[in-house]
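Enquirer: Got a structure for you, written out below as structure tokens; questions coming shortly.
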Amino acid sequence: MKKKTLFSFLCVFALILSSSTIIHAQSNELFKEIQGKIIDVSSKTPLIFADIAVNDSNISTVTNSEGEFILKIPETFLEGTITISHLGFEKKEIKISNFKNHEKIALSSAITKLDEVSITSNNIDAKALVLETLAKKSDIYTDKGTLMTAFYRETIKKKRKNASLSEAVVKIHKQPYYNYRNDNIELIKARKNTDYKKLDTVALKLQGGPFSNLYTDMIKYPEYIFTEDDLPKYKFSFDSSTRINDRVIYVISFKQNQNYGTPLYYGKLYIDAETKALTSAVYSLDVSNKALSSQMYVRKKPRKVDVYPTEASYRVNYRTKDGKWHYAYSNIGLTFKVNWKGKLFNSTYTLNSEMAITDWEVQDYKKLAKVRSPQLIRPTTILSEKASGFSDPRFWGAYNIIEPEKSIESAIKKIQKQLKRT
């Protein structure tokens, strides 16, 4: 099988990348907005990528890099409960009516019974467990078509300063996991802003946009990381186990056996001990070979410029409901060096994209496959060229978003002030 590459969709040539802040009112239904911060009860540090979900619904969000979240809850669920969970911590349930806005919510570390985990682990080969997990498409993952609402954000920084922001609300026409049809993505709304003063004479464009994040779903798209040809090149081993939502989670580390020609990945897989479902994966690409890793990411560049990645990291999280798992969140972080031949100084660009499923509903998968909406985007789409500019402030409406970190939030406020002045 031919090796495909996550986020090989990076074009470098003449300044571009965008910024935005978006969200479109889905209906006239009233909703309550709650905000908070999730922290570790012991260290008081923020918990990143914590799940916040409304019980008995498909509404959810995740915390940002500062542990903060914002969640918009329709009035039909206001008498319900939200569940907050994080890998390695005890879950916490809070009645929505009792929730105090902007409060800090502390989670306690989960205790793992070493005897239970070690006995089971010693009877299972780590590689065999990974193969079993990758083969479970039709057993424990969503076996129905789903129309997922997702929030997507793209940021580009030059050194530490935001140079471009793009955000979008998309609909993912997701096929059942046992089905080999590819998913479709429909762009509902997007907007962006780019500060060209912070981007030299080189523009970075991300080709792929939401598709790049969708392809981190390695259960649906294993060809982007574990191909049949590449699996024998990896070494798998058990790490210390952990817990999430009162369930034992096996932690399996993986890395390539030796230095092969094509750069491979290394990281950790988090597998539910009972169902053998993949609950999360955190991994990176070995970018030590500059020439080969550059070929995997850079599609186009000027002849006098050398561009190569210095970091390429990925994360994907899954969520379960009614015994079935589905893709819930992913994050991609890339750092690039841009060197102009003959010039003394180089530039460092950091590109980050993240996508969170905020709601979903069951749909006929045959209809999902036949959708012909003019808003469908291609895997080669550059979102910043599709975005409509930084406008339509009412667009946020009742859609859920990933709360922006402080640096992004300040950039958005600055853009809004500029718009008011003009």
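Every chain in the structure tokens has a letter given in the order shown (A, B, ...), and although residue numbers restart at 1 in each chain, ligands are simply numbered from 1 in the order shown.
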Name the residues in contact with region 374-378 of chain A at a cut-off of 9 Å, using only C-alpha atoms, excluding same-chain residues fewer than 3 positions from it; report them as a PDB file with N, CA and C atoms, in the first residue's frame.

Expert:
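The resulting selection25.pdb:
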ATOM      1  N   ASN A 184     -17.084  13.098   3.599  1.00  0.00           N
ATOM      2  CA  ASN A 184     -17.152  14.397   2.931  1.00  0.00           C
ATOM      3  C   ASN A 184     -17.225  15.501   3.975  1.00  0.00           C
ATOM      4  N   ILE A 185     -16.758  16.694   3.602  1.00  0.00           N
ATOM      5  CA  ILE A 185     -16.825  17.847   4.494  1.00  0.00           C
ATOM      6  C   ILE A 185     -17.505  18.998   3.763  1.00  0.00           C
ATOM      7  N   GLU A 186     -18.495  19.579   4.437  1.00  0.00           N
ATOM      8  CA  GLU A 186     -19.251  20.703   3.886  1.00  0.00           C
ATOM      9  C   GLU A 186     -18.905  21.962   4.679  1.00  0.00           C
ATOM     10  N   LEU A 187     -18.480  22.997   3.992  1.00  0.00           N
ATOM     11  CA  LEU A 187     -18.116  24.248   4.645  1.00  0.00           C
ATOM     12  C   LEU A 187     -19.374  25.087   4.878  1.00  0.00           C
ATOM     13  N   ILE A 188     -19.718  25.305   6.146  1.00  0.00           N
ATOM     14  CA  ILE A 188     -20.899  26.095   6.479  1.00  0.00           C
ATOM     15  C   ILE A 188     -20.558  27.583   6.480  1.00  0.00           C
ATOM     16  N   GLY A 208      -5.525  21.350   2.492  1.00  0.00           N
ATOM     17  CA  GLY A 208      -6.156  20.229   3.178  1.00  0.00           C
ATOM     18  C   GLY A 208      -7.113  20.694   4.244  1.00  0.00           C
ATOM     19  N   PHE A 211      -9.699  18.498   6.333  1.00  0.00           N
ATOM     20  CA  PHE A 211      -9.428  17.105   5.962  1.00  0.00           C
ATOM     21  C   PHE A 211      -8.170  16.582   6.646  1.00  0.00           C
ATOM     22  N   VAL A 371     -24.352  13.207  -1.241  1.00  0.00           N
ATOM     23  CA  VAL A 371     -24.571  14.633  -1.083  1.00  0.00           C
ATOM     24  C   VAL A 371     -23.853  15.402  -2.193  1.00  0.00           C
ATOM     25  N   THR A 381      -8.334  21.564  -0.681  1.00  0.00           N
ATOM     26  CA  THR A 381      -8.793  22.933  -0.466  1.00  0.00           C
ATOM     27  C   THR A 381      -7.870  23.693   0.487  1.00  0.00           C
ATOM     28  N   ILE A 382      -7.619  24.958   0.169  1.00  0.00           N
ATOM     29  CA  ILE A 382      -6.917  25.864   1.072  1.00  0.00           C
ATOM     30  C   ILE A 382      -7.978  26.736   1.728  1.00  0.00           C
ATOM     31  N   LEU A 383      -8.202  26.542   3.008  1.00  0.00           N
ATOM     32  CA  LEU A 383      -9.314  27.187   3.691  1.00  0.00           C
ATOM     33  C   LEU A 383      -9.233  28.709   3.608  1.00  0.00           C
TER      34      LEU A 383
END

Enquirer: Neighbouring residues of Ile271 (chain A) were defined as those with any atom within 6 Å, considering only C-alpha atoms; residues of the same chain fewer than 3 positions away were excluded. Please report them as a PDB file with N, CA and C atoms, in the first residue's frame.

Expert:
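That gives us result.pdb:
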ATOM      1  N   ILE A 249      -7.039   1.896  30.984  1.00  0.00           N
ATOM      2  CA  ILE A 249      -6.540   2.208  29.644  1.00  0.00           C
ATOM      3  C   ILE A 249      -5.107   1.716  29.508  1.00  0.00           C
ATOM      4  N   TYR A 250      -4.865   0.826  28.547  1.00  0.00           N
ATOM      5  CA  TYR A 250      -3.499   0.408  28.240  1.00  0.00           C
ATOM      6  C   TYR A 250      -2.792   1.537  27.499  1.00  0.00           C
ATOM      7  N   LYS A 276     -10.889  -2.904  23.844  1.00  0.00           N
ATOM      8  CA  LYS A 276      -9.751  -2.788  22.911  1.00  0.00           C
ATOM      9  C   LYS A 276      -9.962  -1.651  21.908  1.00  0.00           C
ATOM     10  N   ALA A 277     -10.742  -0.641  22.307  1.00  0.00           N
ATOM     11  CA  ALA A 277     -10.961   0.527  21.438  1.00  0.00           C
ATOM     12  C   ALA A 277      -9.849   1.541  21.650  1.00  0.00           C
ATOM     13  N   LEU A 278      -9.466   2.218  20.590  1.00  0.00           N
ATOM     14  CA  LEU A 278      -8.516   3.305  20.696  1.00  0.00           C
ATOM     15  C   LEU A 278      -9.243   4.525  21.258  1.00  0.00           C
ATOM     16  N   THR A 279      -8.809   5.006  22.406  1.00  0.00           N
ATOM     17  CA  THR A 279      -9.437   6.171  23.024  1.00  0.00           C
ATOM     18  C   THR A 279      -8.701   7.461  22.693  1.00  0.00           C
TER      19      THR A 279
END

Enquirer: Select, from A:Glu311, A:Asp217, A:Glu274, A:Asp286, the residue with the minimum atom-to-atom distance to Asn352 (chain A), counting only C-alpha atoms.

Expert: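 Selected residue with least distance to Asn352 (chain A): A:Glu311.
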
Enquirer: Give me, as a PyMOL selection string, all polymer residues having an atom no more than 12 Å from Ile219 (chain A), counting only C-alpha atoms and skipping those fewer than 2 positions away in the same chain.

Expert: chain A and resi 130-142+176-180+214-217+221-227+269+277-281+316-318+325-327

Enquirer: In Å, how far is it from CA of Lys91 (chain A) to CA of Asn245 (chain A)?

Expert: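 That distance, rounded to one decimal, is 5.5 Å.
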
Enquirer: As a list in words, please: the residues near Glu154 (chain A) (cut-off 6 Å, only C-alpha atoms, same-chain neighbours under 4 positions excluded).

Expert: Leu165, Ser166, Asn352 and Ser353 of chain A

Enquirer: Mind dumping the selected residues with C-alpha atoms as a PDB file, in the first residue's frame?

Expert:
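Writing done, so here's result.pdb:
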ATOM      1  CA  LEU A 165      -6.084  33.097  11.915  1.00  0.00           C
ATOM      2  CA  SER A 166      -8.756  31.058  10.130  1.00  0.00           C
ATOM      3  CA  ASN A 352      -1.462  24.664  14.283  1.00  0.00           C
ATOM      4  CA  SER A 353      -4.837  23.265  13.327  1.00  0.00           C
TER       5      SER A 353
END

Enquirer: Which residues in region 204-383 of chain A does DSSP call strand (DSSP E or B)? List them as a VMD selection string.

Expert: chain A and resid 204 to 207 234 to 244 247 to 256 265 to 272 278 to 285 298 305 to 321 324 to 340 347 to 363 376 to 377 382

Enquirer: Write the residues of the preceding selection, restricted to C-alpha atoms, as a tab-separated table (two decimals), in the first residue's frame.

Expert:
chain	number	residue	atom	x	y	z
A	204	LEU	CA	2.41	29.72	4.03
A	205	LYS	CA	-0.78	28.05	2.89
A	206	LEU	CA	-2.21	24.92	4.43
A	207	GLN	CA	-3.64	22.67	1.78
A	234	TYR	CA	7.61	-0.45	14.32
A	235	LYS	CA	8.43	-1.66	17.81
A	236	PHE	CA	5.47	-1.69	20.24
A	237	SER	CA	5.79	-1.92	24.03
A	238	PHE	CA	3.59	-1.47	27.11
A	239	ASP	CA	3.93	1.71	29.15
A	240	SER	CA	2.33	2.45	32.54
A	241	SER	CA	-1.43	2.08	32.30
A	242	THR	CA	-3.91	4.80	33.26
A	243	ARG	CA	-7.66	5.37	33.58
A	244	ILE	CA	-10.45	7.44	32.08
A	247	ARG	CA	-12.00	2.38	32.80
A	248	VAL	CA	-8.50	0.91	32.62
A	249	ILE	CA	-6.54	2.21	29.64
A	250	TYR	CA	-3.50	0.41	28.24
A	251	VAL	CA	-0.73	2.75	27.12
A	252	ILE	CA	1.38	1.42	24.25
A	253	SER	CA	4.52	3.21	23.11
A	254	PHE	CA	5.69	2.79	19.54
A	255	LYS	CA	8.73	3.80	17.51
A	256	GLN	CA	10.47	2.57	14.39
A	265	TYR	CA	6.15	8.12	13.59
A	266	TYR	CA	6.70	7.61	17.31
A	267	GLY	CA	4.33	8.14	20.22
A	268	LYS	CA	1.69	6.53	22.41
A	269	LEU	CA	-1.63	4.77	21.82
A	270	TYR	CA	-4.26	4.69	24.57
A	271	ILE	CA	-6.42	1.56	24.31
A	272	ASP	CA	-9.45	0.66	26.41
A	278	LEU	CA	-8.52	3.31	20.70
A	279	THR	CA	-9.44	6.17	23.02
A	280	SER	CA	-6.60	8.53	22.11
A	281	ALA	CA	-3.29	8.71	20.25
A	282	VAL	CA	-0.44	11.20	20.67
A	283	TYR	CA	2.44	10.94	18.22
A	284	SER	CA	5.06	12.78	16.18
A	285	LEU	CA	6.95	12.30	12.94
A	298	VAL	CA	6.31	21.02	1.19
A	305	VAL	CA	14.40	28.95	-0.19
A	306	ASP	CA	15.04	25.91	1.97
A	307	VAL	CA	12.03	24.83	4.03
A	308	TYR	CA	12.03	21.93	6.45
A	309	PRO	CA	10.00	20.86	9.50
A	310	THR	CA	11.60	20.87	12.94
A	311	GLU	CA	8.53	19.43	14.65
A	312	ALA	CA	5.42	17.58	13.48
A	313	SER	CA	3.07	16.47	16.24
A	314	TYR	CA	-0.43	14.98	16.17
A	315	ARG	CA	-3.20	14.12	18.58
A	316	VAL	CA	-6.57	12.41	18.10
A	317	ASN	CA	-9.23	11.75	20.74
A	318	TYR	CA	-12.29	9.51	20.56
A	319	ARG	CA	-15.52	9.68	22.53
A	320	THR	CA	-18.02	6.94	23.35
A	321	LYS	CA	-21.80	6.94	23.51
A	324	LYS	CA	-19.94	3.01	20.28
A	325	TRP	CA	-16.80	5.09	19.78
A	326	HIS	CA	-16.36	7.92	17.30
A	327	TYR	CA	-13.84	10.59	16.29
A	328	ALA	CA	-14.11	13.60	18.63
A	329	TYR	CA	-11.08	15.89	18.40
A	330	SER	CA	-7.69	16.25	16.74
A	331	ASN	CA	-4.79	18.66	16.85
A	332	ILE	CA	-1.86	19.07	14.47
A	333	GLY	CA	1.22	21.18	15.25
A	334	LEU	CA	3.96	21.89	12.74
A	335	THR	CA	7.06	24.04	13.09
A	336	PHE	CA	9.08	25.03	10.01
A	337	LYS	CA	12.41	26.71	9.37
A	338	VAL	CA	12.49	28.93	6.29
A	339	ASN	CA	16.00	29.76	5.08
A	340	TRP	CA	16.72	32.13	2.21
A	347	SER	CA	12.43	32.53	10.00
A	348	THR	CA	10.48	30.11	12.16
A	349	TYR	CA	6.80	29.50	11.50
A	350	THR	CA	4.46	27.49	13.71
A	351	LEU	CA	1.28	26.15	12.17
A	352	ASN	CA	-1.46	24.66	14.28
A	353	SER	CA	-4.84	23.27	13.33
A	354	GLU	CA	-7.50	21.71	15.53
A	355	MET	CA	-10.98	20.38	14.97
A	356	ALA	CA	-13.61	19.39	17.54
A	357	ILE	CA	-16.91	17.60	17.03
A	358	THR	CA	-19.48	19.73	18.88
A	359	ASP	CA	-22.68	17.90	17.90
A	360	TRP	CA	-23.84	15.06	15.66
A	361	GLU	CA	-26.90	13.17	14.51
A	362	VAL	CA	-27.48	9.81	12.86
A	363	GLN	CA	-27.99	9.96	9.08
A	376	LEU	CA	-18.48	20.59	-0.25
A	377	ILE	CA	-14.74	21.13	-0.08
A	382	ILE	CA	-6.92	25.86	1.07

Enquirer: Just list the residues in region 86-329 of chain A DSSP gives helix (DSSP H, G or I) on the backbone, as a ChimeraX atom specification.

Expert: /A:96-98,114-122,126-134,137-140,196-198,210-214,222-224,231-233,290-297

Enquirer: Fewer than 2 positions away in the same chain doesn't count, so skip those; otherwise give me all residues within 7 Å of His173 (chain A), counting only C-alpha atoms, as a short mmCIF file (atom, residue, chain, number, x, y, z; two decimals) with C-alpha atoms, in the first residue's frame.

Expert:
data_model
loop_
_atom_site.label_atom_id
_atom_site.label_comp_id
_atom_site.auth_asym_id
_atom_site.auth_seq_id
_atom_site.Cartn_x
_atom_site.Cartn_y
_atom_site.Cartn_z
CA THR A 146 -23.44 10.49 11.12
CA LEU A 147 -23.71 14.16 10.21
CA MET A 148 -21.22 15.84 12.52
CA LYS A 171 -20.45 19.56 8.58
CA GLN A 175 -19.47 7.17 6.85
CA ASP A 183 -16.01 11.08 4.43
CA ASN A 184 -17.15 14.40 2.93
CA ILE A 185 -16.83 17.85 4.49
CA LEU A 368 -24.28 11.07 3.05
#

Enquirer: My list of candidates is A:Glu79, A:Lys220, A:Phe89, A:Lys37. Which is closest to Arg181 (chain A) when distances are computed with only C-alpha atoms?

Expert: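 That would be A:Lys220, the residue with the smallest distance to Arg181 (chain A).
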
Enquirer: Using only C-alpha atoms, which of A:Thr275, A:Asn64, A:Asn182, A:Asn55 sits nearest Ile84 (chain A)?

Expert: A:Asn55

Enquirer: In terms of the shortest atom-to-atom distance over only C-alpha atoms, which of A:Lys32, A:Lys301, A:His86, A:Lys104 is closest to Phe49 (chain A)?

Expert: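 Distance minimum relative to Phe49 (chain A) lands on A:His86.
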